[in-house]
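Structure data (mmCIF, C-alpha atoms) from target_18.cif:
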```
data_data
loop_
_atom_site.group_PDB
_atom_site.id
_atom_site.type_symbol
_atom_site.label_atom_id
_atom_site.label_comp_id
_atom_site.auth_asym_id
_atom_site.auth_seq_id
_atom_site.Cartn_x
_atom_site.Cartn_y
_atom_site.Cartn_z
ATOM 1 C CA MET A 1407 0.000 0.000 0.000
ATOM 2 C CA SER A 1408 1.211 3.423 -0.895
ATOM 3 C CA ASN A 1409 0.682 6.272 1.541
ATOM 4 C CA THR A 1410 0.170 9.109 -0.932
ATOM 5 C CA PRO A 1411 -1.448 12.278 0.486
ATOM 6 C CA SER A 1412 -3.819 14.649 -1.301
ATOM 7 C CA ASN A 1413 -2.294 17.639 -3.058
ATOM 8 C CA MET A 1414 -4.883 19.899 -1.359
ATOM 9 C CA LEU A 1415 -6.197 21.964 -4.275
ATOM 10 C CA ALA A 1416 -6.696 25.617 -3.273
ATOM 11 C CA LEU A 1417 -9.992 26.374 -1.560
ATOM 12 C CA GLY A 1418 -12.264 28.471 -3.749
ATOM 13 C CA THR A 1419 -11.111 26.703 -6.922
ATOM 14 C CA LYS A 1420 -13.944 26.261 -9.418
ATOM 15 C CA ALA A 1421 -14.687 22.593 -10.114
ATOM 16 C CA PRO A 1422 -13.152 21.609 -13.450
ATOM 17 C CA ASP A 1423 -15.957 20.585 -15.788
ATOM 18 C CA PHE A 1424 -16.093 17.129 -17.323
ATOM 19 C CA LYS A 1425 -18.077 14.736 -19.464
ATOM 20 C CA LEU A 1426 -17.167 11.156 -18.661
ATOM 21 C CA PRO A 1427 -18.696 7.760 -19.447
ATOM 22 C CA ASP A 1428 -20.602 5.830 -16.805
ATOM 23 C CA PRO A 1429 -19.841 2.123 -17.402
ATOM 24 C CA SER A 1430 -22.948 1.141 -15.405
ATOM 25 C CA LYS A 1431 -25.146 3.094 -17.827
ATOM 26 C CA ASN A 1432 -23.857 1.762 -21.161
ATOM 27 C CA ASN A 1433 -21.019 4.308 -21.091
ATOM 28 C CA GLU A 1434 -23.497 7.184 -21.307
ATOM 29 C CA LEU A 1435 -21.582 10.457 -21.015
ATOM 30 C CA GLN A 1436 -22.295 12.245 -17.745
ATOM 31 C CA SER A 1437 -21.337 15.859 -17.101
ATOM 32 C CA LEU A 1438 -20.579 17.652 -13.875
ATOM 33 C CA GLU A 1439 -23.323 20.129 -14.733
ATOM 34 C CA SER A 1440 -25.963 17.398 -15.111
ATOM 35 C CA LEU A 1441 -24.900 15.488 -11.982
ATOM 36 C CA LYS A 1442 -24.155 18.280 -9.505
ATOM 37 C CA GLY A 1443 -26.250 18.548 -6.361
ATOM 38 C CA LYS A 1444 -28.696 21.357 -5.585
ATOM 39 C CA LYS A 1445 -26.677 22.434 -2.540
ATOM 40 C CA ALA A 1446 -23.277 20.789 -3.010
ATOM 41 C CA THR A 1447 -21.270 18.135 -4.830
ATOM 42 C CA LEU A 1448 -18.643 15.718 -3.553
ATOM 43 C CA VAL A 1449 -16.229 14.484 -6.224
ATOM 44 C CA VAL A 1450 -14.277 11.394 -5.140
ATOM 45 C CA PHE A 1451 -11.337 9.961 -7.059
ATOM 46 C CA MET A 1452 -11.476 6.247 -6.318
ATOM 47 C CA CYS A 1453 -10.930 2.845 -7.860
ATOM 48 C CA ASN A 1454 -11.991 -0.764 -7.393
ATOM 49 C CA HIS A 1455 -8.874 -2.391 -5.972
ATOM 50 C CA CYS A 1456 -7.316 0.163 -3.581
ATOM 51 C CA PRO A 1457 -7.312 -1.076 0.035
ATOM 52 C CA PHE A 1458 -7.956 2.505 1.231
ATOM 53 C CA VAL A 1459 -11.088 2.755 -0.950
ATOM 54 C CA LEU A 1460 -12.251 -0.728 0.051
ATOM 55 C CA HIS A 1461 -11.780 0.317 3.687
ATOM 56 C CA ILE A 1462 -14.209 3.265 3.440
ATOM 57 C CA ILE A 1463 -16.571 2.452 0.546
ATOM 58 C CA ASP A 1464 -19.446 1.147 2.677
ATOM 59 C CA LYS A 1465 -19.363 4.267 4.872
ATOM 60 C CA LEU A 1466 -19.146 6.474 1.780
ATOM 61 C CA GLU A 1467 -22.297 4.856 0.359
ATOM 62 C CA GLU A 1468 -23.984 5.286 3.752
ATOM 63 C CA LEU A 1469 -23.108 9.011 3.742
ATOM 64 C CA TYR A 1470 -24.513 9.288 0.229
ATOM 65 C CA GLU A 1471 -27.788 7.773 1.395
ATOM 66 C CA ASP A 1472 -27.850 10.184 4.364
ATOM 67 C CA TYR A 1473 -27.101 13.376 2.419
ATOM 68 C CA LYS A 1474 -28.525 12.930 -1.092
ATOM 69 C CA SER A 1475 -31.994 13.978 0.072
ATOM 70 C CA GLN A 1476 -30.433 17.141 1.528
ATOM 71 C CA GLY A 1477 -29.144 18.252 -1.875
ATOM 72 C CA ILE A 1478 -25.596 16.863 -1.737
ATOM 73 C CA GLU A 1479 -24.624 14.721 -4.738
ATOM 74 C CA PHE A 1480 -21.632 12.366 -4.855
ATOM 75 C CA ILE A 1481 -19.670 11.555 -8.020
ATOM 76 C CA GLY A 1482 -16.995 8.848 -8.086
ATOM 77 C CA ILE A 1483 -14.271 8.989 -10.739
ATOM 78 C CA ASN A 1484 -11.790 6.236 -11.610
ATOM 79 C CA SER A 1485 -8.687 7.582 -13.380
ATOM 80 C CA ASN A 1486 -6.346 4.603 -12.988
ATOM 81 C CA ASP A 1487 -4.382 3.115 -15.887
ATOM 82 C CA VAL A 1488 -6.420 -0.016 -16.619
ATOM 83 C CA ASP A 1489 -3.759 -1.500 -18.883
ATOM 84 C CA ARG A 1490 -1.478 -1.910 -15.870
ATOM 85 C CA TYR A 1491 -4.330 -2.347 -13.366
ATOM 86 C CA PRO A 1492 -7.085 -4.359 -15.094
ATOM 87 C CA ALA A 1493 -8.962 -4.694 -11.778
ATOM 88 C CA ASP A 1494 -10.006 -1.062 -12.378
ATOM 89 C CA SER A 1495 -11.372 -1.605 -15.900
ATOM 90 C CA PRO A 1496 -14.837 -0.300 -16.797
ATOM 91 C CA GLU A 1497 -16.170 -3.876 -16.726
ATOM 92 C CA MET A 1498 -14.811 -4.324 -13.215
ATOM 93 C CA MET A 1499 -16.247 -0.916 -12.241
ATOM 94 C CA MET A 1500 -19.709 -2.251 -13.124
ATOM 95 C CA GLU A 1501 -19.116 -5.331 -10.955
ATOM 96 C CA PHE A 1502 -17.807 -3.135 -8.118
ATOM 97 C CA VAL A 1503 -20.952 -0.957 -8.253
ATOM 98 C CA ASP A 1504 -23.194 -4.037 -8.171
ATOM 99 C CA GLU A 1505 -21.266 -5.866 -5.444
ATOM 100 C CA ARG A 1506 -20.998 -2.816 -3.183
ATOM 101 C CA GLY A 1507 -24.468 -1.435 -3.833
ATOM 102 C CA ILE A 1508 -23.094 1.924 -4.934
ATOM 103 C CA LYS A 1509 -25.892 4.253 -5.963
ATOM 104 C CA PHE A 1510 -23.905 7.381 -6.804
ATOM 105 C CA PRO A 1511 -22.470 7.795 -10.326
ATOM 106 C CA TYR A 1512 -19.057 6.155 -10.826
ATOM 107 C CA LEU A 1513 -17.381 7.492 -13.974
ATOM 108 C CA TYR A 1514 -14.326 6.465 -15.969
ATOM 109 C CA ASP A 1515 -11.558 8.991 -16.768
ATOM 110 C CA GLU A 1516 -9.608 7.001 -19.356
ATOM 111 C CA SER A 1517 -7.452 9.951 -20.494
ATOM 112 C CA GLN A 1518 -6.648 10.928 -16.880
ATOM 113 C CA GLU A 1519 -7.241 14.568 -17.902
ATOM 114 C CA ILE A 1520 -9.890 15.070 -15.221
ATOM 115 C CA ALA A 1521 -7.673 13.716 -12.432
ATOM 116 C CA LYS A 1522 -4.961 16.107 -13.591
ATOM 117 C CA ALA A 1523 -7.419 19.026 -13.752
ATOM 118 C CA TYR A 1524 -8.387 18.348 -10.117
ATOM 119 C CA ASP A 1525 -4.735 17.778 -9.113
ATOM 120 C CA ALA A 1526 -5.850 14.424 -7.695
ATOM 121 C CA ALA A 1527 -3.070 12.320 -6.208
ATOM 122 C CA CYS A 1528 -4.558 9.363 -4.366
ATOM 123 C CA THR A 1529 -7.517 7.061 -3.953
ATOM 124 C CA PRO A 1530 -9.665 8.091 -2.252
ATOM 125 C CA ASP A 1531 -9.249 11.830 -2.863
ATOM 126 C CA PHE A 1532 -12.232 13.995 -1.835
ATOM 127 C CA TYR A 1533 -13.288 17.395 -3.251
ATOM 128 C CA PHE A 1534 -16.399 19.085 -1.835
ATOM 129 C CA PHE A 1535 -17.923 21.962 -3.826
ATOM 130 C CA ASP A 1536 -20.724 24.349 -2.901
ATOM 131 C CA GLU A 1537 -23.797 25.046 -5.048
ATOM 132 C CA ASN A 1538 -21.690 27.336 -7.285
ATOM 133 C CA LEU A 1539 -19.071 24.584 -7.694
ATOM 134 C CA ASN A 1540 -16.461 26.443 -5.630
ATOM 135 C CA LEU A 1541 -14.194 24.177 -3.563
ATOM 136 C CA ILE A 1542 -14.983 24.449 0.154
ATOM 137 C CA TYR A 1543 -13.406 21.253 1.495
ATOM 138 C CA ARG A 1544 -10.716 18.864 0.329
ATOM 139 C CA GLY A 1545 -9.031 16.208 2.348
ATOM 140 C CA GLN A 1546 -9.775 13.080 4.298
ATOM 141 C CA MET A 1547 -13.065 11.390 5.080
ATOM 142 C CA ASP A 1548 -11.879 10.675 8.636
ATOM 143 C CA ASP A 1549 -8.811 9.417 10.543
ATOM 144 C CA SER A 1550 -9.422 5.731 9.810
ATOM 145 C CA ARG A 1551 -6.973 3.890 7.569
ATOM 146 C CA PRO A 1552 -6.562 0.186 6.821
ATOM 147 C CA GLY A 1553 -4.897 -1.408 9.830
ATOM 148 C CA ASN A 1554 -4.901 1.608 12.195
ATOM 149 C CA GLN A 1555 -7.844 0.275 14.247
ATOM 150 C CA LYS A 1556 -9.666 3.633 14.163
ATOM 151 C CA GLU A 1557 -13.408 3.533 13.599
ATOM 152 C CA ILE A 1558 -14.685 4.585 10.170
ATOM 153 C CA THR A 1559 -16.936 7.526 11.044
ATOM 154 C CA GLY A 1560 -16.838 9.879 8.045
ATOM 155 C CA GLU A 1561 -16.366 12.650 10.610
ATOM 156 C CA ASP A 1562 -14.385 15.129 8.486
ATOM 157 C CA LEU A 1563 -16.836 14.895 5.575
ATOM 158 C CA ILE A 1564 -19.841 15.050 7.915
ATOM 159 C CA ILE A 1565 -18.489 18.255 9.485
ATOM 160 C CA ALA A 1566 -18.033 19.775 6.017
ATOM 161 C CA PHE A 1567 -21.543 18.688 4.952
ATOM 162 C CA GLU A 1568 -23.181 19.943 8.149
ATOM 163 C CA ASN A 1569 -21.326 23.270 8.016
ATOM 164 C CA LEU A 1570 -22.545 23.792 4.463
ATOM 165 C CA LEU A 1571 -26.134 22.857 5.319
ATOM 166 C CA ALA A 1572 -26.100 25.184 8.359
ATOM 167 C CA GLY A 1573 -24.573 28.055 6.372
ATOM 168 C CA ALA A 1574 -21.530 27.986 8.678
ATOM 169 C CA GLU A 1575 -17.887 28.531 7.780
ATOM 170 C CA GLN A 1576 -15.823 25.475 6.972
ATOM 171 C CA GLU A 1577 -13.040 24.351 9.279
ATOM 172 C CA ASP A 1578 -9.785 26.248 8.687
ATOM 173 C CA PHE A 1579 -7.638 23.167 9.150
ATOM 174 C CA GLN A 1580 -8.359 20.380 6.663
ATOM 175 C CA ARG A 1581 -6.288 17.198 6.736
ATOM 176 C CA PRO A 1582 -5.208 15.620 3.455
ATOM 177 C CA SER A 1583 -6.646 12.305 2.428
ATOM 178 C CA LEU A 1584 -4.223 9.418 2.293
ATOM 179 C CA GLY A 1585 -4.311 6.431 -0.014
ATOM 180 C CA CYS A 1586 -2.776 4.613 -2.927
ATOM 181 C CA ASN A 1587 -1.376 6.841 -5.624
ATOM 182 C CA ILE A 1588 -3.393 7.244 -8.796
ATOM 183 C CA LYS A 1589 -1.956 4.798 -11.312
ATOM 184 C CA TRP A 1590 -0.699 7.155 -14.016
ATOM 185 C CA LYS A 1591 -0.024 6.045 -17.574
#
```
Now, as a test, write the supplied structure out as structure tokens.
Amino acid sequence: MSNTPSNMLALGTKAPDFKLPDPSKNNELQSLESLKGKKATLVVFMCNHCPFVLHIIDKLEELYEDYKSQGIEFIGINSNDVDRYPADSPEMMMEFVDERGIKFPYLYDESQEIAKAYDAACTPDFYFFDENLNLIYRGQMDDSRPGNQKEITGEDLIIAFENLLAGAEQEDFQRPSLGCNIKWK
């Protein structure tokens, strides 16, 4: 396992736009504009095989279920090189969605241009944007990592979500996410 931290894109950055295929929907192109939430949007760079993603994926889906009705949309993006990591192929993405019961869109960034536009570094890498698609939080989901025996709570994301919903300022200190590096071509 690689311990690669987030690059921590500057707060206030406008979400880079995209149109990416959704393997679970016959590779239908999905855009940020069509998927974004009414109040906010969480973009997560993830993949199928990363132990850090596997560690948190059930909690991430639970958070999606908790916050979707409050106007917060989640979008997963897989940017890994599938030639070197076939476990992350679009076909395997469809299996991953089915096996894990993932209900949020999970898109495929074959060119890796979107990961580069977001300055993504690891899986999982979280970017939380307000209703105007301005970055208000980036960093970890919580302190739990594979093997560290800390409970998976989603605390850091929950604080960001609740602050947004309450119209409160976001926390000044945001800890980077940590995970496997994105598998670049």
Nearest to Glu1439 (chain A), chosen from A:Ser1475, A:Asn1538, A:Asn1454, A:Asn1413, with only C-alpha atoms counted in the distances: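 Using only C-alpha atoms, the shortest distance to Glu1439 (chain A) belongs to A:Asn1538.
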For Ser1437 (chain A), the nearest of the candidates A:Leu1469, A:Val1488, A:Leu1460, A:Ala1421, counting only C-alpha atoms: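 Ranked by minimum distance to Ser1437 (chain A), first place goes to A:Ala1421.
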Exercise: Gln1576 (chain A) partners within 12 Å, only C-alpha atoms, chain neighbours under 2 positions left out, as a PyMOL selection string: chain A and resi 1417-1418+1534-1536+1541-1544+1562-1574+1578-1580
Produce a file of the selected residues containing C-alpha atoms, as a CSV table (one decimal), in the coordinates of the input.
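Output file out_10.csv follows:
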```csv
chain,number,residue,atom,x,y,z
A,1417,LEU,CA,-10.0,26.4,-1.6
A,1418,GLY,CA,-12.3,28.5,-3.7
A,1534,PHE,CA,-16.4,19.1,-1.8
A,1535,PHE,CA,-17.9,22.0,-3.8
A,1536,ASP,CA,-20.7,24.3,-2.9
A,1541,LEU,CA,-14.2,24.2,-3.6
A,1542,ILE,CA,-15.0,24.4,0.2
A,1543,TYR,CA,-13.4,21.3,1.5
A,1544,ARG,CA,-10.7,18.9,0.3
A,1562,ASP,CA,-14.4,15.1,8.5
A,1563,LEU,CA,-16.8,14.9,5.6
A,1564,ILE,CA,-19.8,15.0,7.9
A,1565,ILE,CA,-18.5,18.3,9.5
A,1566,ALA,CA,-18.0,19.8,6.0
A,1567,PHE,CA,-21.5,18.7,5.0
A,1568,GLU,CA,-23.2,19.9,8.1
A,1569,ASN,CA,-21.3,23.3,8.0
A,1570,LEU,CA,-22.5,23.8,4.5
A,1571,LEU,CA,-26.1,22.9,5.3
A,1572,ALA,CA,-26.1,25.2,8.4
A,1573,GLY,CA,-24.6,28.1,6.4
A,1574,ALA,CA,-21.5,28.0,8.7
A,1578,ASP,CA,-9.8,26.2,8.7
A,1579,PHE,CA,-7.6,23.2,9.2
A,1580,GLN,CA,-8.4,20.4,6.7
```
Residue nearest Pro1492 (chain A) - candidates A:Thr1529, A:Pro1429, A:Cys1453, A:Glu1561, atoms counted: only C-alpha atoms: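 The answer is A:Cys1453, which sits nearest to Pro1492 (chain A).
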The PyMOL selection byres ((chain A and resi 1524) around 10) applied to the shown file, residues as a list in words: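 On this input, the PyMOL selection byres ((chain A and resi 1524) around 10) captures Asn1413, Met1414, Leu1415, Thr1419, Lys1420, Ala1421, Pro1422, Asp1423, Val1449, Phe1451, Glu1519, Ile1520, Ala1521, Lys1522, Ala1523, Asp1525, Ala1526, Ala1527, Asp1531 and Tyr1533 of chain A.
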Contacts of region 1550-1552 of chain A at 7 Å (all atoms listed in the file; same-chain gap of 2+ positions) as a ChimeraX atom specification: /A:1457-1458,1461,1548,1554,1556-1558
Result set, the PyMOL selection byres ((chain A and resi 1443-1445) around 8) on current file, as a VMD selection string: chain A and resid 1441 to 1442 1446 to 1447 1476 to 1480 1536 to 1537 1571
The PyMOL selection byres ((chain A and resi 1498) around 12) applied to the shown file, residues as number ranges by chain: A: 1429-1430, 1453-1455, 1484, 1488, 1491-1497, 1499-1506, 1512, 1514
Given only C-alpha atoms as the counted atoms, nearest of A:Lys1589, A:Lys1425, A:Lys1465, A:Arg1490 to Thr1410 (chain A):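 Closest to Thr1410 (chain A) of all the choices is A:Lys1589.
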Gap from CA of Phe1424 (chain A) to CA of Leu1438 (chain A) - Å, one decimal: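 Distance between the two atoms: 5.7 Å.
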Exercise: Met1452 (chain A) partners within 8 Å, all atoms listed in the file, chain neighbours under 4 positions left out, as a VMD selection string: chain A and resid 1456 1459 1482 to 1485 1528 to 1531
Exercise: Pro1582 (chain A) partners within 6 Å, only C-alpha atoms, chain neighbours under 6 positions left out, as a PyMOL selection string: chain A and resi 1411-1412+1545-1546
CA of Ser1408 (chain A) to CA of Ser1517 (chain A), straight-line distance in Å: 22.4 Å
Please return the centre and edge lengths, in Å to one decimal, of a box with edges along x, y and z that contains all listed atoms of region 1412-1424 of chain A, widened by 5 Å on every side, as lines of an AutoDock Vina configuration file.
```
center_x = -9.2
center_y = 21.6
center_z = -9.3
size_x = 23.8
size_y = 23.8
size_z = 26.0
```
Mind filling out region 1472-1504 of chain A with N, CA and C atoms and sending it as a CSV table (one decimal), in the coordinates of the input?
```csv
chain,number,residue,atom,x,y,z
A,1472,ASP,N,-27.5,9.2,3.3
A,1472,ASP,CA,-27.8,10.2,4.4
A,1472,ASP,C,-28.0,11.6,3.8
A,1473,TYR,N,-27.2,12.0,2.8
A,1473,TYR,CA,-27.1,13.4,2.4
A,1473,TYR,C,-27.7,13.7,1.0
A,1474,LYS,N,-28.0,12.7,0.2
A,1474,LYS,CA,-28.5,12.9,-1.1
A,1474,LYS,C,-29.8,13.7,-1.0
A,1475,SER,N,-30.7,13.3,-0.1
A,1475,SER,CA,-32.0,14.0,0.1
A,1475,SER,C,-31.9,15.4,0.6
A,1476,GLN,N,-30.7,15.8,1.1
A,1476,GLN,CA,-30.4,17.1,1.5
A,1476,GLN,C,-29.7,18.0,0.5
A,1477,GLY,N,-29.7,17.5,-0.8
A,1477,GLY,CA,-29.1,18.3,-1.9
A,1477,GLY,C,-27.7,18.1,-2.1
A,1478,ILE,N,-27.0,17.1,-1.5
A,1478,ILE,CA,-25.6,16.9,-1.7
A,1478,ILE,C,-25.4,15.6,-2.6
A,1479,GLU,N,-24.9,15.8,-3.8
A,1479,GLU,CA,-24.6,14.7,-4.7
A,1479,GLU,C,-23.2,14.2,-4.6
A,1480,PHE,N,-23.0,13.0,-4.8
A,1480,PHE,CA,-21.6,12.4,-4.9
A,1480,PHE,C,-21.4,11.9,-6.3
A,1481,ILE,N,-20.1,12.0,-6.7
A,1481,ILE,CA,-19.7,11.6,-8.0
A,1481,ILE,C,-18.3,10.9,-7.8
A,1482,GLY,N,-18.2,9.6,-8.1
A,1482,GLY,CA,-17.0,8.8,-8.1
A,1482,GLY,C,-16.3,8.9,-9.5
A,1483,ILE,N,-15.0,9.0,-9.5
A,1483,ILE,CA,-14.3,9.0,-10.7
A,1483,ILE,C,-13.1,8.1,-10.6
A,1484,ASN,N,-12.9,7.1,-11.5
A,1484,ASN,CA,-11.8,6.2,-11.6
A,1484,ASN,C,-10.9,6.7,-12.7
A,1485,SER,N,-9.7,7.1,-12.4
A,1485,SER,CA,-8.7,7.6,-13.4
A,1485,SER,C,-7.5,6.7,-13.5
A,1486,ASN,N,-7.5,5.5,-12.9
A,1486,ASN,CA,-6.3,4.6,-13.0
A,1486,ASN,C,-6.1,4.0,-14.4
A,1487,ASP,N,-4.8,3.8,-14.7
A,1487,ASP,CA,-4.4,3.1,-15.9
A,1487,ASP,C,-4.8,1.7,-15.9
A,1488,VAL,N,-5.9,1.3,-16.7
A,1488,VAL,CA,-6.4,0.0,-16.6
A,1488,VAL,C,-5.6,-1.0,-17.4
A,1489,ASP,N,-4.7,-0.6,-18.2
A,1489,ASP,CA,-3.8,-1.5,-18.9
A,1489,ASP,C,-2.9,-2.2,-17.9
A,1490,ARG,N,-2.4,-1.4,-16.9
A,1490,ARG,CA,-1.5,-1.9,-15.9
A,1490,ARG,C,-2.3,-2.4,-14.7
A,1491,TYR,N,-3.5,-1.9,-14.5
A,1491,TYR,CA,-4.3,-2.3,-13.4
A,1491,TYR,C,-5.7,-2.8,-13.9
A,1492,PRO,N,-5.8,-3.9,-14.5
A,1492,PRO,CA,-7.1,-4.4,-15.1
A,1492,PRO,C,-8.2,-4.5,-14.1
A,1493,ALA,N,-7.9,-4.6,-12.8
A,1493,ALA,CA,-9.0,-4.7,-11.8
A,1493,ALA,C,-9.8,-3.4,-11.7
A,1494,ASP,N,-9.3,-2.3,-12.4
A,1494,ASP,CA,-10.0,-1.1,-12.4
A,1494,ASP,C,-10.7,-0.8,-13.7
A,1495,SER,N,-10.8,-1.8,-14.6
A,1495,SER,CA,-11.4,-1.6,-15.9
A,1495,SER,C,-12.8,-1.2,-15.8
A,1496,PRO,N,-13.4,-0.6,-16.8
A,1496,PRO,CA,-14.8,-0.3,-16.8
A,1496,PRO,C,-15.7,-1.5,-16.5
A,1497,GLU,N,-15.4,-2.7,-17.0
A,1497,GLU,CA,-16.2,-3.9,-16.7
A,1497,GLU,C,-16.1,-4.2,-15.2
A,1498,MET,N,-15.0,-4.1,-14.6
A,1498,MET,CA,-14.8,-4.3,-13.2
A,1498,MET,C,-15.5,-3.2,-12.4
A,1499,MET,N,-15.5,-2.0,-12.9
A,1499,MET,CA,-16.2,-0.9,-12.2
A,1499,MET,C,-17.7,-1.3,-12.1
A,1500,MET,N,-18.3,-1.8,-13.2
A,1500,MET,CA,-19.7,-2.3,-13.1
A,1500,MET,C,-19.9,-3.3,-12.1
A,1501,GLU,N,-19.0,-4.3,-12.0
A,1501,GLU,CA,-19.1,-5.3,-11.0
A,1501,GLU,C,-19.0,-4.7,-9.6
A,1502,PHE,N,-18.0,-3.8,-9.4
A,1502,PHE,CA,-17.8,-3.1,-8.1
A,1502,PHE,C,-19.1,-2.4,-7.7
A,1503,VAL,N,-19.7,-1.7,-8.6
A,1503,VAL,CA,-21.0,-1.0,-8.3
A,1503,VAL,C,-22.0,-1.9,-7.8
A,1504,ASP,N,-22.2,-3.0,-8.5
A,1504,ASP,CA,-23.2,-4.0,-8.2
A,1504,ASP,C,-22.9,-4.7,-6.8
```
